[in-house]
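Asks: Got a file for you: input01.csv, CSV, C-alpha atoms.
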```
chain,number,residue,atom,x,y,z
A,976,MET,CA,78.4,-70.7,17.4
A,977,SER,CA,80.8,-70.9,20.3
A,978,ILE,CA,80.0,-67.5,21.8
A,979,ASP,CA,77.4,-67.6,24.6
A,980,PHE,CA,75.3,-64.5,24.2
A,981,SER,CA,74.4,-64.4,27.9
A,982,LEU,CA,75.6,-62.3,30.8
A,983,LYS,CA,73.8,-64.3,33.5
A,984,GLY,CA,75.7,-64.0,36.7
A,985,LYS,CA,77.8,-61.1,35.5
A,986,ILE,CA,78.1,-57.7,37.1
A,987,ALA,CA,78.5,-54.8,34.7
A,988,LEU,CA,79.4,-51.3,35.7
A,989,VAL,CA,78.5,-48.7,33.0
A,990,THR,CA,79.6,-45.1,33.9
A,991,GLY,CA,77.3,-42.2,33.1
A,992,ALA,CA,74.4,-44.5,32.3
A,993,SER,CA,71.3,-42.6,33.6
A,994,TYR,CA,70.3,-41.8,30.0
A,995,GLY,CA,71.4,-41.9,26.3
A,996,ILE,CA,74.0,-44.3,25.0
A,997,GLY,CA,74.9,-45.5,28.5
A,998,PHE,CA,71.3,-46.3,29.4
A,999,ALA,CA,71.0,-48.3,26.1
A,1000,ILE,CA,74.2,-50.2,26.9
A,1001,ALA,CA,73.1,-51.1,30.4
A,1002,SER,CA,69.6,-52.0,29.4
A,1003,GLY,CA,70.9,-54.4,26.7
A,1004,MET,CA,73.2,-56.1,29.1
A,1005,ALA,CA,70.4,-56.4,31.7
A,1006,LYS,CA,68.2,-58.2,29.1
A,1007,ALA,CA,71.1,-60.6,28.6
A,1008,GLY,CA,71.1,-61.4,32.3
A,1009,ALA,CA,73.7,-59.0,33.8
A,1010,THR,CA,73.3,-57.2,37.1
A,1011,ILE,CA,73.6,-53.6,36.2
A,1012,VAL,CA,75.5,-51.0,38.2
A,1013,PHE,CA,75.7,-47.4,37.0
A,1014,ASN,CA,76.8,-44.0,38.3
A,1015,ASP,CA,76.1,-40.3,37.6
A,1016,ILE,CA,77.5,-37.2,39.1
A,1017,LYS,CA,74.3,-36.0,40.8
A,1018,GLN,CA,71.7,-37.7,43.0
A,1019,GLU,CA,69.0,-36.2,40.8
A,1020,LEU,CA,70.4,-37.9,37.7
A,1021,VAL,CA,70.8,-41.2,39.5
A,1022,ASP,CA,67.2,-41.1,40.7
A,1023,LYS,CA,66.0,-40.4,37.2
A,1024,GLY,CA,68.1,-43.3,35.9
A,1025,LEU,CA,66.8,-45.6,38.6
A,1026,ALA,CA,63.2,-44.6,37.7
A,1027,ALA,CA,63.9,-45.2,34.0
A,1028,TYR,CA,65.4,-48.7,34.6
A,1029,LYS,CA,62.5,-49.6,36.9
A,1030,GLU,CA,60.1,-48.6,34.1
A,1031,ALA,CA,62.0,-50.8,31.8
A,1032,GLY,CA,61.7,-53.7,34.2
A,1033,ILE,CA,65.4,-53.6,35.2
A,1034,ASP,CA,66.6,-53.8,38.8
A,1035,ALA,CA,69.7,-51.6,38.6
A,1036,HIS,CA,72.0,-50.3,41.3
A,1037,GLY,CA,72.8,-46.6,41.1
A,1038,TYR,CA,75.7,-44.6,42.7
A,1039,VAL,CA,76.4,-41.0,42.9
A,1040,CYS,CA,80.1,-40.5,41.9
A,1041,ASN,CA,82.2,-37.9,40.2
A,1042,VAL,CA,84.3,-40.3,38.1
A,1043,CYS,CA,87.0,-37.6,37.8
A,1044,ASP,CA,87.7,-37.8,41.5
A,1045,GLU,CA,90.1,-40.5,42.6
A,1046,GLU,CA,88.7,-40.9,46.1
A,1047,ALA,CA,85.1,-41.0,44.9
A,1048,VAL,CA,85.9,-43.7,42.4
A,1049,ASN,CA,87.8,-45.8,44.9
A,1050,ASN,CA,84.9,-45.5,47.3
A,1051,MET,CA,82.3,-46.3,44.7
A,1052,VAL,CA,84.1,-49.5,43.5
A,1053,ALA,CA,84.6,-50.6,47.1
A,1054,LYS,CA,80.8,-50.1,47.8
A,1055,ILE,CA,79.9,-52.0,44.6
A,1056,GLU,CA,82.1,-55.0,45.7
A,1057,GLU,CA,80.5,-54.9,49.2
A,1058,GLU,CA,76.9,-54.4,48.2
A,1059,VAL,CA,76.7,-56.1,44.8
A,1060,GLY,CA,79.8,-58.1,44.1
A,1061,VAL,CA,82.9,-58.3,41.9
A,1062,ILE,CA,82.8,-56.3,38.7
A,1063,ASP,CA,83.0,-58.5,35.7
A,1064,ILE,CA,82.4,-55.9,33.0
A,1065,LEU,CA,83.3,-52.2,32.9
A,1066,VAL,CA,82.0,-49.9,30.2
A,1067,ASN,CA,83.7,-46.5,30.4
A,1068,ASN,CA,81.0,-44.3,28.9
A,1069,ALA,CA,80.8,-41.1,30.8
A,1070,GLY,CA,81.7,-38.1,28.7
A,1071,ILE,CA,81.2,-34.5,27.7
A,1072,SER,CA,81.6,-32.5,24.5
A,1073,LEU,CA,83.0,-29.1,23.7
A,1074,ILE,CA,82.7,-27.3,20.3
A,1075,LYS,CA,85.0,-24.3,20.2
A,1076,GLN,CA,87.9,-23.1,18.1
A,1077,ILE,CA,91.3,-23.5,19.9
A,1078,ASN,CA,91.7,-19.7,20.3
A,1079,ASP,CA,88.4,-19.6,22.3
A,1080,THR,CA,89.1,-22.7,24.4
A,1081,THR,CA,90.3,-21.9,27.9
A,1082,ALA,CA,92.8,-24.0,29.9
A,1083,GLU,CA,90.0,-24.7,32.4
A,1084,GLU,CA,87.7,-26.1,29.7
A,1085,TYR,CA,90.6,-28.2,28.4
A,1086,ASP,CA,91.3,-29.6,31.8
A,1087,LYS,CA,87.6,-30.4,32.4
A,1088,ILE,CA,87.1,-32.3,29.2
A,1089,MET,CA,90.3,-34.2,29.6
A,1090,SER,CA,89.3,-35.1,33.1
A,1091,VAL,CA,85.9,-36.4,32.3
A,1092,ASN,CA,86.7,-38.1,29.0
A,1093,ALA,CA,90.1,-39.5,29.8
A,1094,ARG,CA,91.2,-39.3,33.5
A,1095,SER,CA,87.9,-40.9,34.6
A,1096,TYR,CA,88.5,-43.9,32.3
A,1097,PHE,CA,92.0,-44.4,33.8
A,1098,LEU,CA,90.6,-44.2,37.4
A,1099,CYS,CA,87.6,-46.5,36.8
A,1100,SER,CA,89.7,-49.0,34.9
A,1101,ARG,CA,92.4,-49.1,37.5
A,1102,GLU,CA,89.9,-49.9,40.4
A,1103,ALA,CA,87.8,-52.3,38.4
A,1104,ILE,CA,90.8,-54.3,37.3
A,1105,LYS,CA,91.7,-54.9,40.9
A,1106,LEU,CA,88.5,-56.9,41.2
A,1107,MET,CA,88.7,-58.6,37.8
A,1108,LEU,CA,92.1,-59.9,38.7
A,1109,LYS,CA,90.5,-61.9,41.5
A,1110,ASN,CA,88.7,-64.1,38.9
A,1111,HIS,CA,91.5,-63.9,36.3
A,1112,GLU,CA,89.0,-62.6,33.7
A,1113,GLY,CA,86.9,-59.6,32.8
A,1114,ALA,CA,86.1,-57.2,30.0
A,1115,ILE,CA,86.6,-53.5,29.6
A,1116,VAL,CA,85.0,-51.5,26.8
A,1117,ASN,CA,85.9,-47.8,26.4
A,1118,VAL,CA,83.6,-45.4,24.5
A,1119,SER,CA,85.7,-43.1,22.3
A,1120,SER,CA,84.5,-41.3,19.1
A,1121,MET,CA,85.3,-41.2,15.4
A,1122,TRP,CA,86.8,-37.8,16.2
A,1123,GLY,CA,89.3,-39.6,18.4
A,1124,GLN,CA,90.4,-41.5,15.3
A,1125,THR,CA,90.5,-38.6,12.8
A,1126,GLY,CA,90.3,-35.3,14.7
A,1127,ALA,CA,87.7,-32.6,14.2
A,1128,SER,CA,87.9,-28.9,13.5
A,1129,CYS,CA,86.5,-26.8,16.3
A,1130,GLU,CA,86.7,-29.8,18.6
A,1131,ILE,CA,90.3,-29.9,19.5
A,1132,ALA,CA,90.1,-30.7,23.2
A,1133,TYR,CA,87.3,-33.2,22.6
A,1134,SER,CA,89.3,-35.0,19.9
A,1135,MET,CA,92.4,-35.1,22.1
A,1136,SER,CA,90.5,-36.6,25.0
A,1137,LYS,CA,88.9,-39.3,22.7
A,1138,ALA,CA,92.3,-40.1,21.1
A,1139,ALA,CA,93.6,-40.6,24.6
A,1140,VAL,CA,90.9,-43.3,25.2
A,1141,ILE,CA,92.2,-45.1,22.1
A,1142,GLY,CA,95.7,-45.0,23.5
A,1143,LEU,CA,94.5,-46.3,26.9
A,1144,THR,CA,92.7,-49.1,25.2
A,1145,ARG,CA,95.6,-50.4,23.2
A,1146,SER,CA,98.2,-50.2,26.0
A,1147,LEU,CA,95.9,-51.6,28.7
A,1148,ALA,CA,94.9,-54.5,26.5
A,1149,GLU,CA,98.5,-55.5,26.1
A,1150,GLU,CA,99.1,-55.2,29.8
A,1151,LEU,CA,96.1,-57.2,30.9
A,1152,ALA,CA,96.1,-59.9,28.2
A,1153,PRO,CA,98.1,-62.4,30.3
A,1154,SER,CA,95.5,-62.0,33.1
A,1155,GLY,CA,92.6,-63.0,30.8
A,1156,ILE,CA,91.1,-59.5,30.7
A,1157,THR,CA,90.1,-58.0,27.4
A,1158,VAL,CA,90.1,-54.3,26.6
A,1159,ASN,CA,88.4,-52.9,23.5
A,1160,CYS,CA,87.1,-49.6,22.3
A,1161,VAL,CA,84.1,-48.4,20.2
A,1162,CYS,CA,84.2,-45.2,18.3
A,1163,PRO,CA,80.6,-44.0,17.6
A,1164,GLY,CA,79.9,-41.7,14.7
A,1165,ILE,CA,76.9,-39.4,14.5
A,1166,ILE,CA,74.4,-41.0,16.9
A,1167,ASP,CA,70.8,-39.8,17.3
A,1168,THR,CA,71.2,-38.5,20.9
A,1169,ARG,CA,70.5,-35.5,22.9
A,1170,MET,CA,74.0,-34.3,22.4
A,1171,ASN,CA,73.4,-33.9,18.7
A,1172,ASN,CA,70.0,-32.2,19.0
A,1173,MET,CA,71.6,-28.8,18.4
A,1174,PHE,CA,72.4,-29.7,14.8
A,1175,ASP,CA,70.1,-30.0,11.8
A,1176,LYS,CA,69.3,-33.7,11.4
A,1177,ASN,CA,69.0,-33.6,7.6
A,1178,GLU,CA,72.4,-32.0,7.3
A,1179,LEU,CA,74.0,-34.6,9.6
A,1180,GLU,CA,72.4,-37.5,7.6
A,1181,GLU,CA,74.0,-36.2,4.4
A,1182,GLU,CA,77.4,-36.8,5.9
A,1183,VAL,CA,76.7,-40.5,6.5
A,1184,PRO,CA,77.1,-43.0,3.7
A,1185,LEU,CA,74.3,-45.1,5.1
A,1186,GLY,CA,72.1,-42.1,4.9
A,1187,ARG,CA,70.9,-42.0,8.5
A,1188,LEU,CA,72.0,-41.4,12.1
A,1189,GLY,CA,73.0,-44.3,14.2
A,1190,THR,CA,71.1,-45.3,17.3
A,1191,SER,CA,72.2,-45.8,20.9
A,1192,GLU,CA,71.1,-49.4,20.6
A,1193,GLU,CA,73.4,-50.0,17.7
A,1194,VAL,CA,76.3,-48.7,19.7
A,1195,ALA,CA,75.2,-50.9,22.6
A,1196,ASP,CA,75.1,-53.9,20.4
A,1197,ALA,CA,78.7,-53.4,19.4
A,1198,ILE,CA,79.8,-53.0,23.0
A,1199,PHE,CA,77.8,-56.1,24.0
A,1200,TYR,CA,79.6,-58.2,21.4
A,1201,LEU,CA,83.0,-57.0,22.6
A,1202,THR,CA,82.2,-58.1,26.2
A,1203,GLN,CA,81.4,-61.6,24.9
A,1204,ASN,CA,84.2,-62.6,22.7
A,1205,LYS,CA,87.2,-63.6,24.8
A,1206,TYR,CA,89.6,-63.6,21.8
A,1207,ILE,CA,89.0,-60.0,20.8
A,1208,THR,CA,91.2,-57.5,22.5
A,1209,ALA,CA,93.1,-54.2,21.7
A,1210,GLN,CA,90.6,-53.5,18.9
A,1211,ILE,CA,89.1,-50.1,17.9
A,1212,LEU,CA,85.7,-50.6,16.4
A,1213,GLY,CA,84.0,-47.8,14.4
A,1214,VAL,CA,80.2,-47.6,14.6
A,1215,ASN,CA,79.7,-44.7,12.2
A,1216,GLY,CA,77.6,-45.7,9.2
A,1217,GLY,CA,80.7,-45.7,6.9
A,1218,ILE,CA,81.9,-42.1,7.6
A,1219,ILE,CA,85.3,-43.6,8.4
```
How does this structure look as structure tokens?

Replies:
Amino acid sequence: MSIDFSLKGKIALVTGASYGIGFAIASGMAKAGATIVFNDIKQELVDKGLAAYKEAGIDAHGYVCNVCDEEAVNNMVAKIEEEVGVIDILVNNAGISLIKQINDTTAEEYDKIMSVNARSYFLCSREAIKLMLKNHEGAIVNVSSMWGQTGASCEIAYSMSKAAVIGLTRSLAEELAPSGITVNCVCPGIIDTRMNNMFDKNELEEEVPLGRLGTSEEVADAIFYLTQNKYITAQILGVNGGII
């Protein structure tokens, strides 16, 4: 086994990681030795996240940042470099959902979901890359969705935003390959998270060939692997129990 499953000495920024999949991603990386940095849009969420990490025995660094705002992202990354160090791993995880037919979706709702789910990935990647280039290495993993691969009825704007993440991944991977920076993407299926609590769990499970919902930890495991293998780049990995 040539892959060293250790992140000791690495600094990982996971966006939107106060809870849910982001928290599972960051927690897994912390257990592998990484120094964890995360953000959320409100101080209240950052404080809750810090408390959760502390309870899990993880010494994380939390920042309040609207990742859709260019100046805010620039300032956050600059603070991270000054206070923590150079970012080695970026996981673009922050996201929101929207379930509406296209005729009921406003332009403002469209702009918001594209901003959070796509623009923020562009902004955070651009600034983190500037630091990664100093070491001529790094890893970026973007969190898309199976609906970014296939599209979903009544989730037009959401599917568009997640498809954009796949496009970003493929083009950025090609651009950064000569610099030793890998860029990959995971596309979760139906994961047992707060976002899916509005649906009937039994009905959701019937759609999955494996017969159950995925866990945040299973998504985190896939992301962790993609940060480790330096010869995997430009890949779109489905974590969906066989739906796609």

Asks: Which neighbours of segment 1110-1114 of chain A fall inside 10 Å, counting only C-alpha atoms, when residues of the same chain fewer than 6 positions from it are skipped, and could you give them as a list in words?

Replies: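 With the cut-off at 10 Å, the set is Lys985, Ile986, Ala987, Val1061, Ile1062, Asp1063, Ile1064, Leu1065, Val1066, Ala1103, Ile1104, Ala1148, Leu1151, Ala1152, Pro1153, Ser1154, Gly1155, Ile1156, Thr1157, Val1158, Asn1159, Leu1201, Thr1202, Gln1203, Asn1204, Lys1205 and Thr1208 of chain A.
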
Asks: Residues within 6 Å of segment 1184-1195 of chain A, please, as a list in words. Count all atoms listed in the file; anything in the same chain fewer than 6 positions from it doesn't count.

Replies: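 My list of contacting residues is Ile996, Ala999, Ile1000, Ile1165, Ile1166, Asp1167, Gly1216 and Gly1217 of chain A.
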
Asks: When you look at Gln1018 of chain A with a cut-off of 9 Å (counting all atoms listed in the file), what residues show up, excluding the ones that are within fewer than 5 positions of it in the same chain? I need them as a PyMOL selection string.

Replies: chain A and resi 1023+1038-1040

Asks: Could you take the residues named above and write them with C-alpha atoms, as a PDB file, keeping the file's coordinate frame?

Replies:
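Saved the output as result_34.pdb:
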```pdb
ATOM      1  CA  LYS A1023      66.000 -40.400  37.200  1.00  0.00           C
ATOM      2  CA  TYR A1038      75.700 -44.600  42.700  1.00  0.00           C
ATOM      3  CA  VAL A1039      76.400 -41.000  42.900  1.00  0.00           C
ATOM      4  CA  CYS A1040      80.100 -40.500  41.900  1.00  0.00           C
TER       5      CYS A1040
END
```

Asks: Could you check how far atom CA of Tyr1200 of chain A sits from atom CA of Leu1143 of chain A, in Å to one decimal?

Replies: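 Atom-to-atom, atom CA of Tyr1200 of chain A to atom CA of Leu1143 of chain A, that is 19.8 Å.
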
Asks: Which is closer to Asn1014 of chain A than all the others in A:Ala1027, A:Tyr1133, A:Ala1035, A:Asn1177, using only C-alpha atoms?

Replies: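 Selected residue with least distance to Asn1014 of chain A: A:Ala1035.
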
Asks: So the first atom is atom CA of Ile1141 of chain A and the second is atom CA of Asp1086 of chain A; what is the distance between them in Å, to one decimal place?

Replies: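 Value for the atom CA of Ile1141 of chain A-atom CA of Asp1086 of chain A distance: 18.3 Å.
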
Asks: Would you please work out which residue, of A:Leu1147, A:Phe1199, A:Asn1049, A:Asp1022, is nearest to Lys1006 of chain A when using only C-alpha atoms?

Replies: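 Looking at the shortest contact to Lys1006 of chain A, the residue is A:Phe1199.
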
Asks: Looking at all atoms listed in the file, which of A:Leu1020, A:Arg1094, A:Gly1032, A:Ser1136 is the one that sits closest to Val1048 of chain A?

Replies: A:Arg1094

Asks: Which is closest to Leu1106 of chain A among A:Ala1009, A:Trp1122, A:Asn1067, A:Ala1053, if we use only C-alpha atoms?

Replies: A:Ala1053

Asks: Nearest to Asn1041 of chain A among A:Ile1011, A:Glu1056, A:Ser1095, A:Thr1081, with distances taken over only C-alpha atoms: which residue is it?

Replies: A:Ser1095

Asks: When distances are computed from all atoms listed in the file, which of A:Ala1132, A:Val1052, A:Ser1100, A:Phe1013 shows the smallest separation from Glu1083 of chain A?

Replies: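 The shortest atom-to-atom distance to Glu1083 of chain A comes from A:Ala1132.
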
Asks: Distance atom CA of Asn1068 of chain A-atom CA of Ala1047 of chain A, one decimal place?

Replies: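 Rounded to one decimal, the two atoms are 16.8 Å apart.
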
Asks: At a cut-off of 6 Å around the point (83.6, -31.4, 29.6) (file coordinates), what residues fall inside when counting all atoms listed in the file? I'd like the answer as a list in words.

Replies: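 Taken together, the residues in range are Ile1071, Ser1072, Lys1087 and Ile1088 of chain A.
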
Asks: Go ahead and find all residues with at least one atom no further than 12 Å from (88.2, -36.5, 14.1) in the file's coordinates, using all atoms listed in the file; report them as a PyMOL selection string.

Replies: chain A and resi 1119-1138+1162-1165+1215+1218-1219
